[in-house]
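One structure below.
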Amino acid sequence: MSKKIISIVALLFSCILLSNAQSMDKAFRKPAVEEGDHNIILQNRLGNRLTVMTFGDHTQLEFTYKPNAERRKEFWARNFSNRDNQTVLFPEFIFPDIFTKDVIFEYDPFTTRIKVNAESGAKNTITLVNVADENCFAIAARSPLLLAFKPHVKFEQQNGLLTERFTERGEEIISFIKFPGFEANRFRVLKDGTYLLQLLENDVIYIGGEENPYQVDRVIRKLENLSLVELISRNETKLEPILGFSDIKINNNEKFQKVLDFNKRMYYSMLDEGGASFGALARIYYLIWVRDCSMSTSLMARGGSTYGIKKLAPFLLNNPSMTRRDDGTTVPEFIQILGSRWGKSEDDGIFYALLALFTYFETTGNDDLLYSEAFEIALESIDRFMEKTWDEDLKMVGSDTRGETSLKSSPYFGYDVVNGEMYHNEVFMDGNDINLERSYSLYNQVNTYNLLIMANVLLSQNQQLDNGRSERYARYAKELKKTLRSKFVSPKGTLYSGFDQFSDGSSKWTSFGKGCDYWEHAWATSLGPYAPVPELQLKSAIEVRNDWAKYRNIGYCPWNTLSRTLYEYNDINSFGYEKMLAVEIDEALSLTKRYPMIGAVTEYQGETEGWRALPFQIGALYYSMSAQMIQNMPMGIGVRASNFVDSVTNYQFRLSRIDGKAEGKGDIVKSYRINGKELKHTLQLPASHLRPGHNELTVTRGEANDLFRIYSSTAEMLEYIENDNQLTFDFNNPVESQIIIENFNKIKNITIKDTDNNEIPYTTTELNGKTLLEFPSKGYFSVNVSL
C-alpha cells in the first residue's frame, strides 16, 4: 500500500475519532441526523443496525449493536441502543476509496447494491445483505474493495476471523468479522492500529455482534459456505411466508404496486423479533415510540397481516413507564417513549397501548393477554390517565402536552425530557404560544372515547378485573360523546380542533387551520376504530382533505387513514382515491440526496429530503389499500369493491385466512360469495360463514346496489338467516352499537331485540347516502328485518 493511501486512511480515522470514536462522546447525541452526503440504513430484525454514510473522500459504516432478539426480548435488550444512548461494534469502519460522487444506490431493506463508477473508469458493485434470521450483515464486492476498521481495544485473530470481546453498560459483547482468509483478502495491520481487508469476486464477509463465542461460532457455521447468490436466495426464502400475508394486487398501476410491496418489506425489516420498532428509518427517530409502534402493527393487522401485532402487543403492554408521583408512589403509564420515564407525557400513549391489545384480541382471536399481568397494567394505566386528565367541570380530558410540546402546566416545560436536555430559548415551543397552559384537543377526546369503549369490550372477556371499571368507563364515554356533539361543533358544522387554556386565565376554541395540530386532527376524524360522532367526523375529514394544503404540507400517515375513511363513506370513488395518494407514491419513488432509498415512503408532501420509511405511515397505507376489498371493523370484517384493487390473498382474521378476488368493473359490491355461498343482505361477514383455515371470497363489482344491506357495524355479527322476506341478524356487543345500512327505505319494518325479546329503541342519522342506527346494547341481540 502506498504511503499516500496510508496517510489518507490515518487522517480519515483521526477525523472520525473526534466525532464518533466511541459509542458516546457527548452528553447529548450530536448530530442527531446522519451526517453523510448520502445515507442508507439497514435495520436487522434481530437488533443490529448498519448505517452507510458517503462523503467526498470516503464512505463510513456504522454498526450499532442490540442483543439478539430471538433470545433477548426484555425491554433492556430491545432498547439497548437508541438515538440518545448507543453502542457501536467498531469505533471506526470505512471504505476509503468509495466517494459520494461515484456511487448510485439500488436500495432494498434486505439486499442493497452500491454501484460504483469512478472518473478513472473503474467500476464496482458492492452488495450489502441484511441477514433475515441472524444478527449480522454481509458485504460482498465484484471488483477490489478496501475495508479499513479498528477495534475498541484489540482484535483476537484467527485465519478468516476477527473478534473482540468488550463490555458496555453491563453487556458482554463480541464483535466479529468473518472473511475467507488472511491471504485471500490481503489482511494486514497499519502502524496506527488500522486493520485492512480487501474483497474481490464477491467474497462474502459477515459482520455482526453476539453475546458469547458459542453464538459467533453458531452463526459462522450456518452461513460461511454460502455464495452471495445462495445467501440472497436463502434470505428471500426466509422472508416469503411473512411477506405473503395479506398480499394485495392493484389493478393496472405498477407504481402503486411497487411502492406497496417495497414498503411491506421495509415494515418487516423494521420490526424486530422482540416486538420493538421505531419512528422512522433515521437516527433521529431511533426510539421506541408507543404511538408509532402500536399504529403501524395495529393498522397492518387491520389490513390482514397480524404477524407484527403478535410480536408487539406483549412487548408493549408489559413495558410501561413507571412514573414517580411527588408523594413518592409509582404508577404505570404509557407516555411518548415506551418503557422509560425519559419521555414526554403525551397523553395518547395509553390509547395506543390499548389499541394494540384490542387489535391483538380482535384480529387474532387470542385472549391470552387478557388473562395476564399485561391487561392489569393497562387498566391501572387507564385509571391513572383518567385521574390526571379528566376535567369534571368541562366533561373533557385535558393535557399538559400539545403535539410533542410540553406546556406550562407540565413539570418538564422547557426541557427535551427524552434526553434530559434543557432549552435556553423559546424555539422548543414549535409554534405553540408559550403561555399555553392546558390543551383539550379533539384528538384526545376521540382517543379517550375509543380507549374507554375498547377497555369495556376487553373487560367483558375478563370480568374479574372489572371492579366497577366498566360502569365508570361507560359514564366517561357517554359524557365525551355528549361534549363532542354539544361543544366541539363549530359554526361550519365541522369539529373544532381543540380548546386551549392560557396562563392568564383566558381560553379559546381552535378550528382546523393555522395553529392546530394537523396530524392529530386528521387522525381524530379517521383513525378509529370507533367513531363517537360519525357524521361530524366524516364532515371534518372532508374539510381536512380539502383545506390541509392551504396551511401546511400534507403529512402522509394521517393522509392515508383519511383516504380509507373517505372511500369507505363514498366521498371519493376509486379514481379519486388513486389521485389522493398519487403524489405520495411518486415521492416514494423519487431519488433523494440525503436518504437515497428509492421506494421508501417520505413523511411530508414536497419534503422529499426528510425522513423515509416511517412504519406507522406504511401501516396506514397498507390498511387503506386492503380496505378496498376487505374492510376491518371493530369486531368483524366486511366485503368491499373497488376498481383499484383486484385481489387480496392470505388475509388473516382470527382463525381464518381469506383469498379474495374481484370480477367486473365498479366501486360497489354488486354481489359476492363466501366459500361458494351468496349473502345478499349483509356486507359484514357473519362469523358462522368463516371457516378456520382457508376461505374463498369472490366479489362481483358493479355501479350500484338496490338491495337493503347491512354495510358495517361496531358489533360482532354471529349469524345471518334469510327466510323468504324475513331477515335475522344475530349480534354480540358488550358496548353501545352502531349499524350502518344501505337502502334503509327499502324495508317494511325493522326491530332490534335483546335475548329476553325486549325491543331496543334506536336513533337514525343520515351518513352520506347511508343510514346510521345507534342504540344501547349489553351483549347478544338480534336485528329482524321485513322486506
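In the C-alpha cells, chains take letters A, B, ... by order of appearance, with residues numbered from 1 within each chain and ligands from 1 in the order shown.
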
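For range 89-102 of chain A, the residues within 6 Å (counting only C-alpha atoms, excluding itself and residues fewer than 3 positions away along the chain) are Ala21, Gln22, Thr54, Phe55, Gly56, Asp57, His58, Thr59, Gln60, Leu61, Phe63, Val116, Asn117, Ala118, Leu146, Leu147, Ala148, Phe149, Lys150, Pro151 and Ser175 of chain A.
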
Restricting it to all heavy atoms, dump the selection as a short mmCIF file (atom, residue, chain, number, x, y, z; two decimals), in the first residue's frame.
```
data_model
loop_
_atom_site.label_atom_id
_atom_site.label_comp_id
_atom_site.auth_asym_id
_atom_site.auth_seq_id
_atom_site.Cartn_x
_atom_site.Cartn_y
_atom_site.Cartn_z
N ALA A 21 -15.75 8.22 17.78
CA ALA A 21 -14.79 7.16 18.06
C ALA A 21 -15.34 6.10 18.98
O ALA A 21 -15.13 4.93 18.78
CB ALA A 21 -13.53 7.76 18.68
N GLN A 22 -16.05 6.49 20.00
CA GLN A 22 -16.59 5.53 20.95
C GLN A 22 -18.11 5.61 20.85
O GLN A 22 -18.66 6.43 20.14
CB GLN A 22 -16.06 5.84 22.36
CG GLN A 22 -16.41 4.83 23.44
CD GLN A 22 -16.21 3.40 23.01
OE1 GLN A 22 -17.11 2.80 22.45
NE2 GLN A 22 -15.04 2.84 23.26
N THR A 54 -21.94 8.25 2.94
CA THR A 54 -20.89 8.60 1.98
C THR A 54 -20.46 10.05 2.15
O THR A 54 -21.27 10.93 2.47
CB THR A 54 -21.36 8.38 0.53
OG1 THR A 54 -22.33 9.37 0.18
CG2 THR A 54 -21.95 6.99 0.34
N PHE A 55 -19.17 10.29 1.92
CA PHE A 55 -18.58 11.63 1.98
C PHE A 55 -17.74 11.84 0.71
O PHE A 55 -17.59 10.93 -0.11
CB PHE A 55 -17.72 11.77 3.22
CG PHE A 55 -18.50 11.65 4.51
CD1 PHE A 55 -18.68 10.41 5.11
CD2 PHE A 55 -19.06 12.76 5.12
CE1 PHE A 55 -19.39 10.27 6.28
CE2 PHE A 55 -19.78 12.64 6.30
CZ PHE A 55 -19.94 11.40 6.88
N GLY A 56 -17.21 13.04 0.59
CA GLY A 56 -16.45 13.36 -0.61
C GLY A 56 -15.21 12.52 -0.79
O GLY A 56 -14.75 12.31 -1.93
N ASP A 57 -14.63 12.00 0.31
CA ASP A 57 -13.38 11.27 0.18
C ASP A 57 -13.37 9.91 0.89
O ASP A 57 -12.32 9.32 1.08
CB ASP A 57 -12.22 12.12 0.72
CG ASP A 57 -12.47 12.58 2.15
OD1 ASP A 57 -13.53 12.25 2.71
OD2 ASP A 57 -11.59 13.28 2.71
N HIS A 58 -14.54 9.41 1.31
CA HIS A 58 -14.63 8.08 1.90
C HIS A 58 -16.09 7.74 2.17
O HIS A 58 -16.97 8.59 2.04
CB HIS A 58 -13.82 7.99 3.20
CG HIS A 58 -14.44 8.71 4.35
ND1 HIS A 58 -14.46 10.09 4.46
CD2 HIS A 58 -15.11 8.26 5.46
CE1 HIS A 58 -15.08 10.46 5.57
NE2 HIS A 58 -15.49 9.36 6.20
N THR A 59 -16.33 6.53 2.54
CA THR A 59 -17.66 6.10 2.99
C THR A 59 -17.52 5.47 4.36
O THR A 59 -16.66 4.61 4.58
CB THR A 59 -18.28 5.10 2.00
OG1 THR A 59 -18.61 5.79 0.78
CG2 THR A 59 -19.57 4.48 2.56
N GLN A 60 -18.37 5.92 5.28
CA GLN A 60 -18.32 5.43 6.66
C GLN A 60 -19.45 4.45 6.92
O GLN A 60 -20.59 4.65 6.49
CB GLN A 60 -18.43 6.61 7.62
CG GLN A 60 -18.36 6.25 9.10
CD GLN A 60 -18.47 7.48 9.99
OE1 GLN A 60 -18.25 8.59 9.53
NE2 GLN A 60 -18.82 7.27 11.24
N LEU A 61 -19.15 3.37 7.64
CA LEU A 61 -20.14 2.38 8.04
C LEU A 61 -20.25 2.39 9.56
O LEU A 61 -19.24 2.32 10.25
CB LEU A 61 -19.77 0.98 7.55
CG LEU A 61 -19.97 0.68 6.06
CD1 LEU A 61 -18.92 1.37 5.21
CD2 LEU A 61 -19.94 -0.83 5.80
N PHE A 63 -21.99 0.34 12.62
CA PHE A 63 -22.68 -0.87 13.06
C PHE A 63 -23.11 -0.68 14.51
O PHE A 63 -22.28 -0.65 15.42
CB PHE A 63 -21.76 -2.09 12.95
CG PHE A 63 -21.37 -2.45 11.55
CD1 PHE A 63 -20.24 -1.90 10.94
CD2 PHE A 63 -22.13 -3.36 10.81
CE1 PHE A 63 -19.88 -2.23 9.65
CE2 PHE A 63 -21.77 -3.70 9.51
CZ PHE A 63 -20.64 -3.14 8.93
N VAL A 116 -20.68 1.53 -8.26
CA VAL A 116 -19.56 2.47 -8.24
C VAL A 116 -19.07 2.69 -9.66
O VAL A 116 -18.82 1.73 -10.40
CB VAL A 116 -18.41 1.94 -7.36
CG1 VAL A 116 -17.27 2.95 -7.32
CG2 VAL A 116 -18.91 1.62 -5.96
N ASN A 117 -18.92 3.95 -10.04
CA ASN A 117 -18.41 4.31 -11.37
C ASN A 117 -17.49 5.50 -11.19
O ASN A 117 -17.92 6.65 -11.16
CB ASN A 117 -19.57 4.64 -12.31
CG ASN A 117 -19.12 4.81 -13.75
OD1 ASN A 117 -17.92 4.73 -14.06
ND2 ASN A 117 -20.07 5.05 -14.62
N ALA A 118 -16.18 5.23 -11.05
CA ALA A 118 -15.21 6.29 -10.76
C ALA A 118 -14.83 7.03 -12.04
O ALA A 118 -15.02 6.54 -13.15
CB ALA A 118 -13.97 5.68 -10.11
N LEU A 146 -11.56 -2.02 -0.66
CA LEU A 146 -10.76 -1.92 0.56
C LEU A 146 -11.66 -1.60 1.74
O LEU A 146 -12.48 -0.68 1.70
CB LEU A 146 -9.70 -0.83 0.40
CG LEU A 146 -8.83 -0.53 1.63
CD1 LEU A 146 -7.97 -1.74 2.00
CD2 LEU A 146 -7.95 0.69 1.38
N LEU A 147 -11.51 -2.37 2.83
CA LEU A 147 -12.19 -2.12 4.11
C LEU A 147 -11.13 -1.75 5.13
O LEU A 147 -10.11 -2.44 5.25
CB LEU A 147 -12.93 -3.36 4.59
CG LEU A 147 -14.30 -3.69 4.01
CD1 LEU A 147 -14.22 -3.97 2.52
CD2 LEU A 147 -14.88 -4.92 4.72
N ALA A 148 -11.36 -0.66 5.86
CA ALA A 148 -10.43 -0.23 6.91
C ALA A 148 -11.23 -0.03 8.19
O ALA A 148 -12.26 0.64 8.20
CB ALA A 148 -9.73 1.05 6.49
N PHE A 149 -10.75 -0.60 9.29
CA PHE A 149 -11.53 -0.56 10.53
C PHE A 149 -10.62 -0.72 11.73
O PHE A 149 -9.46 -1.14 11.61
CB PHE A 149 -12.61 -1.66 10.51
CG PHE A 149 -12.09 -3.01 10.10
CD1 PHE A 149 -11.62 -3.90 11.04
CD2 PHE A 149 -12.06 -3.39 8.76
CE1 PHE A 149 -11.14 -5.15 10.68
CE2 PHE A 149 -11.57 -4.63 8.38
CZ PHE A 149 -11.11 -5.51 9.34
N LYS A 150 -11.17 -0.39 12.90
CA LYS A 150 -10.42 -0.51 14.15
C LYS A 150 -11.28 -1.17 15.21
O LYS A 150 -12.50 -1.01 15.22
CB LYS A 150 -9.98 0.87 14.65
CG LYS A 150 -8.78 1.45 13.93
CD LYS A 150 -8.34 2.76 14.61
CE LYS A 150 -7.06 3.29 13.96
NZ LYS A 150 -6.61 4.54 14.63
N PRO A 151 -10.64 -1.86 16.15
CA PRO A 151 -11.37 -2.36 17.32
C PRO A 151 -11.44 -1.27 18.39
O PRO A 151 -10.79 -0.23 18.29
CB PRO A 151 -10.49 -3.52 17.79
CG PRO A 151 -9.10 -3.05 17.46
CD PRO A 151 -9.22 -2.26 16.17
N SER A 175 -17.87 -8.56 19.00
CA SER A 175 -17.99 -8.16 17.60
C SER A 175 -17.19 -9.15 16.76
O SER A 175 -16.19 -9.72 17.23
CB SER A 175 -17.47 -6.74 17.39
OG SER A 175 -16.08 -6.67 17.71
#
```

Which residues of range 744-767 of chain A come within 12 Å of range 536-541 of chain A, and for each one, what is the closest pair of atoms and their distance in Å to one decimal, counting only C-alpha atoms, sorted by chain and residue number, as CSV?
```
residue,atom,partner,partner_atom,distance
A:Thr765,CA,A:Leu536,CA,10.9
A:Glu766,CA,A:Leu536,CA,11.1
A:Leu767,CA,A:Leu538,CA,8.4
```

Write a file of the just-selected residues containing N, CA, C and O atoms, as a PDB file, in the first residue's frame.
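See part-v2.pdb below for the written result:
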```pdb
ATOM      1  N   THR A 765     -79.471   8.357  11.757  1.00  0.00           N
ATOM      2  CA  THR A 765     -78.782   9.543  11.248  1.00  0.00           C
ATOM      3  C   THR A 765     -78.353   9.255   9.819  1.00  0.00           C
ATOM      4  O   THR A 765     -77.844   8.159   9.523  1.00  0.00           O
ATOM      5  N   GLU A 766     -78.537  10.205   8.927  1.00  0.00           N
ATOM      6  CA  GLU A 766     -78.081  10.035   7.556  1.00  0.00           C
ATOM      7  C   GLU A 766     -76.560  10.202   7.503  1.00  0.00           C
ATOM      8  O   GLU A 766     -76.008  11.118   8.120  1.00  0.00           O
ATOM      9  N   LEU A 767     -75.925   9.321   6.775  1.00  0.00           N
ATOM     10  CA  LEU A 767     -74.464   9.318   6.690  1.00  0.00           C
ATOM     11  C   LEU A 767     -74.044   9.146   5.241  1.00  0.00           C
ATOM     12  O   LEU A 767     -73.746   8.050   4.773  1.00  0.00           O
TER      13      LEU A 767
END
```

Point-to-point distance in Å for CA of Asn768 in chain A and CA of Lys482 in chain A: 21.9 Å

Surrounding residues of Lys388 in chain A excluding itself and chain neighbours under 5 positions, 9 Å, only C-alpha atoms, as a count of residues only: 4

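Of the residues under consideration (A:Ile139, A:Ala280, A:Leu707, A:Leu773), A:Ile139 shows the shortest atom-to-atom contact distance to Leu231 in chain A when counting only C-alpha atoms.
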
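For Gly414 in chain A, the list of residues within 8 Å, based on only C-alpha atoms and with local chain neighbours fewer than 2 positions off taken out, reads Ser406, Tyr412, Asp416, Met422, Tyr423, His424 and Phe428 of chain A.
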
Atomic distance CA of Ala477 in chain A - CA of Asn462 in chain A, expressed in Å with one decimal: 19.9 Å

Would you return as number ranges by chain the members of range 312-532 of chain A that DSSP assigns to strand (DSSP E or B) on this structure's backbone? A: 321-324, 330-333, 337, 390-391, 396-397, 399, 401-402, 405-406, 415-416, 421-422, 436-441, 489, 495, 498-502, 507-510

Go ahead and compute the interatomic distance for CA of Glu392 in chain A and CA of Tyr476 in chain A, in Å to one decimal. 9.7 Å
